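One file, target-v5.cif, carrying mmCIF, C-alpha atoms:
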```cif
data_data
#
loop_
_atom_site.label_atom_id
_atom_site.label_comp_id
_atom_site.auth_asym_id
_atom_site.auth_seq_id
_atom_site.Cartn_x
_atom_site.Cartn_y
_atom_site.Cartn_z
CA MET A 1269 83.58 88.64 80.78
CA ILE A 1270 83.15 85.89 83.38
CA PRO A 1271 86.34 83.92 82.55
CA GLU A 1272 88.29 87.19 82.66
CA ALA A 1273 86.82 88.05 86.05
CA LEU A 1274 87.69 84.59 87.38
CA ALA A 1275 91.24 84.92 86.06
CA LEU A 1276 91.55 88.35 87.68
CA SER A 1277 90.26 86.83 90.90
CA ALA A 1278 92.95 84.13 90.68
CA VAL A 1279 95.67 86.71 90.08
CA LEU A 1280 94.56 88.87 93.00
CA PHE A 1281 94.34 85.82 95.29
CA THR A 1282 97.87 84.82 94.27
CA ILE A 1283 99.20 88.31 94.93
CA GLY A 1284 97.56 88.21 98.36
CA THR A 1285 99.14 84.81 99.09
CA ILE A 1286 102.56 86.06 98.05
CA GLY A 1287 102.06 89.05 100.32
CA VAL A 1288 101.18 86.85 103.29
CA LEU A 1289 104.28 84.76 102.67
CA THR A 1290 106.74 87.58 102.11
CA ARG A 1291 105.76 90.29 104.59
CA ARG A 1292 106.69 90.31 108.25
CA ASN A 1293 104.52 93.17 109.48
CA ALA A 1294 101.44 91.62 111.09
CA ILE A 1295 99.15 94.44 109.97
CA VAL A 1296 100.27 94.20 106.35
CA ILE A 1297 99.71 90.44 106.48
CA PHE A 1298 96.19 91.16 107.67
CA MET A 1299 95.65 93.48 104.74
CA CYS A 1300 96.91 90.76 102.40
CA VAL A 1301 94.27 88.42 103.83
CA GLU A 1302 91.68 91.12 103.09
CA LEU A 1303 92.95 91.20 99.51
CA MET A 1304 92.45 87.43 99.27
CA LEU A 1305 88.90 87.79 100.60
CA ASN A 1306 88.27 90.46 97.98
CA ALA A 1307 89.51 88.15 95.25
CA VAL A 1308 87.08 85.47 96.38
CA ASN A 1309 84.30 88.06 96.42
CA LEU A 1310 85.05 88.84 92.80
CA SER A 1311 84.59 85.15 91.94
CA PHE A 1312 81.28 85.14 93.79
CA VAL A 1313 80.03 88.20 91.93
CA ALA A 1314 81.19 86.89 88.55
CA LEU A 1315 79.49 83.52 89.09
CA SER A 1316 76.34 85.19 90.39
CA LYS A 1317 75.86 86.45 86.84
CA LEU A 1318 75.34 82.83 85.86
CA TYR A 1319 73.69 81.36 88.91
CA GLY A 1320 71.50 84.04 90.40
CA ALA A 1321 71.83 86.46 93.27
CA THR A 1322 72.90 83.90 95.90
CA GLY A 1323 76.53 84.65 95.12
CA GLN A 1324 75.98 88.29 95.99
CA VAL A 1325 74.31 87.28 99.26
CA PHE A 1326 77.45 85.32 100.07
CA VAL A 1327 79.55 88.37 99.28
CA VAL A 1328 77.59 90.20 101.98
CA PHE A 1329 78.36 87.39 104.43
CA VAL A 1330 82.04 87.38 103.48
CA MET A 1331 82.22 91.13 104.06
CA THR A 1332 80.62 90.74 107.49
CA VAL A 1333 83.07 88.02 108.46
CA ALA A 1334 85.93 90.14 107.14
CA ALA A 1335 84.81 93.06 109.28
CA ALA A 1336 84.57 90.85 112.38
CA GLU A 1337 87.95 89.32 111.60
CA ALA A 1338 89.54 92.74 111.14
CA ALA A 1339 88.14 94.01 114.45
CA VAL A 1340 89.26 91.00 116.50
CA GLY A 1341 92.56 90.61 114.66
CA LEU A 1342 93.52 94.23 115.10
CA ALA A 1343 92.59 94.07 118.78
CA ILE A 1344 94.91 91.07 119.12
CA ILE A 1345 97.65 92.95 117.29
CA ILE A 1346 97.23 95.90 119.66
CA ALA A 1347 97.44 93.53 122.64
CA ILE A 1348 100.60 91.94 121.22
CA PHE A 1349 102.07 95.37 120.59
CA ARG A 1350 101.42 96.35 124.19
CA HIS A 1351 103.13 93.16 125.30
CA GLY A 1352 106.22 93.25 123.12
CA HIS A 1353 106.28 96.69 121.44
CA THR A 1354 106.55 95.16 117.98
CA VAL A 1355 104.32 93.85 115.22
CA ASP A 1356 107.23 92.19 113.42
CA LEU A 1357 106.37 88.50 113.23
CA LYS A 1358 110.06 87.63 113.57
CA ASN A 1359 109.97 88.95 117.13
CA ILE A 1360 106.66 87.36 118.07
CA ASN A 1361 107.70 83.83 118.95
CA LEU A 1362 106.01 83.17 122.29
CA LEU A 1363 104.68 79.82 121.08
CA LYS A 1364 108.04 78.63 119.75
CA GLY A 1365 109.14 75.43 121.52
CA MET B 254 73.74 99.92 80.59
CA PRO B 255 75.82 98.94 77.55
CA ALA B 256 75.83 95.37 76.37
CA THR B 257 78.54 93.08 77.67
CA SER B 258 80.04 92.66 74.24
CA SER B 259 80.36 96.34 73.39
CA LEU B 260 83.83 97.77 72.96
CA PHE B 261 83.15 100.43 75.60
CA TYR B 262 82.31 97.78 78.17
CA GLN B 263 85.28 95.57 77.34
CA VAL B 264 87.81 98.40 77.35
CA HIS B 265 86.67 99.53 80.77
CA PHE B 266 86.51 96.00 82.14
CA TYR B 267 90.12 95.38 81.16
CA LEU B 268 91.11 98.86 82.33
CA PHE B 269 89.71 98.34 85.82
CA GLY B 270 91.10 94.81 85.94
CA LEU B 271 94.61 95.93 85.02
CA LEU B 272 94.40 98.83 87.47
CA ALA B 273 93.36 96.38 90.18
CA ILE B 274 96.32 94.10 89.43
CA ALA B 275 98.76 97.02 89.28
CA SER B 276 97.46 98.42 92.57
CA ALA B 277 97.66 94.98 94.18
CA ILE B 278 101.29 94.61 93.08
CA ALA B 279 102.07 98.08 94.40
CA PHE B 280 100.28 97.13 97.62
CA VAL B 281 102.43 94.04 98.21
CA THR B 282 105.69 95.78 97.38
CA ARG B 283 105.35 98.99 99.44
CA ARG B 284 107.42 99.02 102.60
CA SER B 285 105.39 101.60 104.49
CA PRO B 286 102.16 100.18 105.96
CA VAL B 287 100.31 103.43 105.25
CA SER B 288 101.05 103.48 101.54
CA ALA B 289 100.31 99.75 101.38
CA ALA B 290 96.90 100.41 102.95
CA LEU B 291 96.18 103.22 100.47
CA TRP B 292 97.09 100.99 97.52
CA LEU B 293 94.75 98.36 98.94
CA VAL B 294 92.01 100.99 98.97
CA ALA B 295 92.77 101.57 95.29
CA VAL B 296 92.36 97.82 94.64
CA MET B 297 89.01 97.88 96.42
CA PHE B 298 87.73 100.84 94.40
CA ASN B 299 88.69 99.09 91.16
CA LEU B 300 86.97 95.92 92.34
CA ALA B 301 83.87 97.97 93.17
CA ALA B 302 83.86 99.26 89.61
CA LEU B 303 84.12 95.69 88.34
CA TYR B 304 81.24 94.62 90.60
CA VAL B 305 79.06 97.33 89.11
CA MET B 306 80.08 96.28 85.60
CA LEU B 307 79.16 92.69 86.45
CA GLY B 308 75.67 93.84 87.44
CA ALA B 309 76.12 93.68 91.22
CA HIS B 310 75.34 97.31 91.99
CA PHE B 311 74.56 96.87 95.67
CA VAL B 312 77.71 94.85 96.28
CA GLY B 313 79.73 97.55 94.55
CA VAL B 314 78.28 100.20 96.83
CA ILE B 315 78.89 98.29 100.05
CA GLN B 316 82.35 97.42 98.80
CA VAL B 317 83.12 101.14 98.78
CA ILE B 318 81.30 101.94 102.02
CA VAL B 319 82.20 98.92 104.16
CA TYR B 320 85.55 97.82 102.79
CA ALA B 321 87.22 100.97 101.56
CA GLY B 322 85.37 103.20 103.99
CA ALA B 323 85.23 101.28 107.26
CA ILE B 324 87.58 98.30 107.36
CA MET B 325 90.52 100.11 105.79
CA VAL B 326 90.01 103.09 108.08
CA VAL B 327 90.27 100.71 111.04
CA PHE B 328 93.52 99.37 109.61
CA LEU B 329 94.94 102.85 109.09
CA PHE B 330 93.78 103.85 112.56
CA VAL B 331 95.67 100.93 114.11
CA VAL B 332 98.78 101.71 112.04
CA MET B 333 98.73 105.27 113.33
CA LEU B 334 97.79 104.23 116.89
CA LEU B 335 100.84 101.97 117.05
CA ASN B 336 102.92 104.62 115.29
CA LEU B 337 104.10 102.28 112.55
CA GLY B 338 103.84 104.82 109.75
CA ARG B 339 107.56 105.19 109.20
CA ASP B 340 109.08 102.55 106.99
CA GLY B 341 112.56 102.60 108.47
CA GLU B 342 112.59 99.81 111.00
CA LEU B 343 114.67 97.20 109.19
CA SER B 344 113.14 95.74 106.08
CA ASP B 345 109.61 94.58 106.37
CA PHE B 346 110.19 91.76 103.94
CA ARG B 347 111.48 88.33 104.73
CA GLY B 348 114.90 87.20 103.55
CA ARG B 349 115.88 85.98 100.10
CA TRP B 350 114.79 82.38 100.71
CA GLY B 351 111.43 83.49 102.03
CA ARG B 352 110.82 85.55 98.92
CA LEU B 353 111.98 82.72 96.64
CA ALA B 354 109.67 80.26 98.38
CA ALA B 355 106.80 82.73 98.19
CA GLY B 356 107.41 83.28 94.49
CA LEU B 357 107.42 79.54 93.82
CA VAL B 358 104.27 78.96 95.86
CA GLY B 359 102.61 81.89 94.09
CA LEU B 360 103.56 80.58 90.65
CA ALA B 361 102.28 77.10 91.51
CA LEU B 362 99.02 78.51 92.88
CA LEU B 363 98.52 80.77 89.87
CA ALA B 364 99.26 77.94 87.44
CA GLN B 365 96.83 75.71 89.26
CA VAL B 366 93.96 78.18 89.31
CA MET B 367 94.58 79.30 85.74
CA ALA B 368 94.66 75.69 84.55
CA LEU B 369 91.37 75.12 86.35
CA ALA B 370 89.90 78.26 84.80
CA ARG B 371 91.07 77.32 81.31
CA THR B 372 89.88 73.72 81.21
CA ARG B 373 86.55 72.08 81.92
CA PHE B 374 85.85 74.26 84.92
CA VAL B 375 84.46 77.32 83.18
CA THR B 376 82.87 75.47 80.30
CA GLY B 377 81.19 73.24 82.85
CA LEU B 378 79.94 76.26 84.71
CA GLN B 379 78.38 77.87 81.67
CA VAL B 380 75.51 75.44 81.67
CA PRO B 381 72.68 77.99 81.86
CA ALA B 382 72.28 79.36 78.36
CA ALA B 383 71.03 82.77 79.43
CA PRO B 384 72.29 84.72 82.43
CA VAL B 385 70.00 83.96 85.34
CA PHE B 386 70.77 87.11 87.24
CA GLY B 387 68.80 90.19 86.39
CA GLY B 388 65.70 89.68 88.43
CA PRO B 389 62.38 91.36 88.06
CA PRO B 390 62.96 95.00 87.15
CA ASP B 391 60.72 96.35 89.92
CA ARG B 392 62.85 95.06 92.80
CA GLY B 393 65.88 97.17 92.02
CA ALA B 394 69.48 96.62 92.98
CA VAL B 395 68.82 96.06 96.68
CA GLY B 396 65.76 93.86 96.28
CA ASP B 397 67.69 91.32 94.24
CA ILE B 398 69.88 90.64 97.25
CA ALA B 399 67.37 91.33 100.00
CA ALA B 400 64.85 88.75 98.80
CA PRO B 401 67.14 85.69 99.08
CA LEU B 402 68.92 87.17 102.10
CA PHE B 403 65.77 87.42 104.17
CA THR B 404 64.08 84.24 102.93
CA GLU B 405 66.48 81.44 102.04
CA HIS B 406 69.43 82.65 104.07
CA LEU B 407 67.63 84.14 107.05
CA LEU B 408 69.28 81.78 109.54
CA ALA B 409 72.74 82.59 108.19
CA PHE B 410 71.88 86.27 108.41
CA GLU B 411 70.93 86.00 112.07
CA VAL B 412 74.01 83.92 112.86
CA THR B 413 76.07 86.64 111.17
CA SER B 414 74.61 89.24 113.49
CA ILE B 415 75.55 87.10 116.49
CA LEU B 416 79.05 86.79 115.03
CA LEU B 417 79.30 90.56 114.78
CA LEU B 418 78.15 90.97 118.37
CA VAL B 419 80.74 88.43 119.55
CA ALA B 420 83.42 90.19 117.51
CA ILE B 421 82.56 93.58 119.01
CA VAL B 422 82.64 92.26 122.58
CA GLY B 423 85.81 90.29 121.89
CA ALA B 424 87.59 93.25 120.31
CA VAL B 425 86.73 95.48 123.27
CA VAL B 426 87.83 92.86 125.81
CA ILE B 427 91.08 92.02 124.03
CA GLY B 428 91.96 95.60 123.24
CA LYS B 429 91.23 96.86 126.74
CA ARG B 430 94.14 97.96 128.84
CA ARG B 431 94.76 95.62 131.76
CA GLY B 432 94.52 98.11 134.58
CA ALA B 433 91.85 100.31 133.04
CA ALA B 434 88.91 98.17 134.04
#
```

For the file at hand, write its structure as structure tokens.
Amino acid sequence: MIPEALALSAVLFTIGTIGVLTRRNAIVIFMCVELMLNAVNLSFVALSKLYGATGQVFVVFVMTVAAAEAAVGLAIIIAIFRHGHTVDLKNINLLKG
Amino acid sequence: MPATSSLFYQVHFYLFGLLAIASAIAFVTRRSPVSAALWLVAVMFNLAALYVMLGAHFVGVIQVIVYAGAIMVVFLFVVMLLNLGRDGELSDFRGRWGRLAAGLVGLALLAQVMALARTRFVTGLQVPAAPVFGGPPDRGAVGDIAAPLFTEHLLAFEVTSILLLVAIVGAVVIGKRRGAA
């Protein structure tokens, strides 16, 4: 089952990457990043079946970092929305030269 | 718990895997952020089922509680706070060239990872003859994770708590209204 789980992880990561590249809504892009983190977690869990529980400990760390990232990222999105009344990345070009 | 090779186990493993892929595809293709978020919750539930089937019971539980229960609720809350629930405002997707480029990058990435998974990678990883994970039966699902977490990885655990504190303070400061202080 471990090769299948790794392949599923690869597929989910790819879908998340495609989502990041194709969407323009900042919140949806954030959710795509969460999907990519989930795919990596699946790899960790699958490999922890071979290499002991350390992989699952790392999944706990990844989840913590994902929660922190979601909190800060969404706060930034709210601040940007207050500034420009949009979360469309096409309209957020303050750093464009 | 049924053996890994039993038909029951395999059918359900593939079932949850296919459901996860289908939900992920639905997630990426929905225009409305709310339905996208709900499809992502579906992906996370399927992944939790797969975690349990892979023997990681505790991770499966916190996947449901933390990811599907807390993080996704924060996302939905922000979507509703900013009133983005309607899907009308132009198309959320990039133009044709953006999609084409994304498809090509996705295909390349998938081919790469699949090629890695098919060749030496996995065979090289299957060095231990018997699965290591399983642990002493008396520690239970939580003890298997708690023991390494609070011994080997104690420093990382503490650093993680500092990270969470910083994230909380940062989120409050960034999200605060300018004049409301």

Exercise: residues within 10 Å of coordinate (85.5, 96.8, 106.0), counting all atoms listed in the file, as a ChimeraX atom specification
/A:1302,1331-1339 /B:315-328

Set out as a tab-separated table a contact list for chain A and chain B with a cut-off of 6 Å, giving each residue of chain A that qualifies its closest atom pair and distance in Å to one decimal, counting only C-alpha atoms, ordered by chain and rising residue number.
```
residue	atom	partner	partner_atom	distance
A:Thr1282	CA	B:Gly359	CA	5.6
A:Ile1286	CA	B:Ala355	CA	5.4
A:Gly1287	CA	B:Val281	CA	5.4
A:Leu1289	CA	B:Ala355	CA	5.5
A:Thr1290	CA	B:Arg347	CA	5.5
A:Arg1291	CA	B:Phe346	CA	4.7
A:Arg1292	CA	B:Asp345	CA	5.5
A:Lys1317	CA	B:Phe386	CA	5.1
A:Leu1318	CA	B:Pro384	CA	5.0
A:Tyr1319	CA	B:Val385	CA	5.8
A:Gly1320	CA	B:Phe386	CA	4.5
A:Val1325	CA	B:Ile398	CA	5.9
A:Ala1336	CA	B:Ala420	CA	5.3
A:Ala1339	CA	B:Ala424	CA	5.9
A:Val1340	CA	B:Ala424	CA	4.7
A:Ala1343	CA	B:Gly428	CA	4.8
A:Ala1347	CA	B:Gly428	CA	5.9
```

Quick check, in Å to one decimal: how far apart do CA of Phe1326 (chain A) and CA of Val1288 (chain A) lie?
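Computing the Euclidean distance for CA of Phe1326 (chain A) and CA of Val1288 (chain A) yields 24.0 Å.
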
What is the CA of Leu1305 (chain A) to CA of Ala1321 (chain A) distance in Å?
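Going from CA of Leu1305 (chain A) over to CA of Ala1321 (chain A), I get 18.6 Å.
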
Near Ala1307 (chain A), within 6 Å and counting only C-alpha atoms, which residues show up once chain neighbours fewer than 3 positions away are dropped, as a list in words?
Ser1277, Leu1280, Phe1281, Met1304 and Leu1310 of chain A

Could you check how far CA of Leu272 (chain B) sits from CA of Ala394 (chain B), in Å to one decimal?
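So the two atoms, CA of Leu272 (chain B) and CA of Ala394 (chain B), lie 25.6 Å apart.
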
When distances are computed from only C-alpha atoms, which of A:Leu1357, A:Leu1362, A:Gln1324, A:Gly1352 shows the smallest separation from Asn1309 (chain A)?
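Selected residue with least distance to Asn1309 (chain A): A:Gln1324.
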
Could you check the closest approach to Ile1360 (chain A) for each of A:Ile1283, A:Asn1293, A:Glu1272, A:Met1299 and tell me which residue wins, using only C-alpha atoms?
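Of all the options, A:Asn1293 lies closest to Ile1360 (chain A).
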
Using the file's own x, y and z axes, what box holds all listed atoms of region 312-319 of chain B with 6 Å on each side, keeping edges along x, y and z, and what are its centre and edge lengths in Å to one decimal, as AutoDock Vina command-line options?
```
--center_x 80.4 --center_y 98.4 --center_z 99.4 --size_x 17.4 --size_y 19.1 --size_z 21.6
```
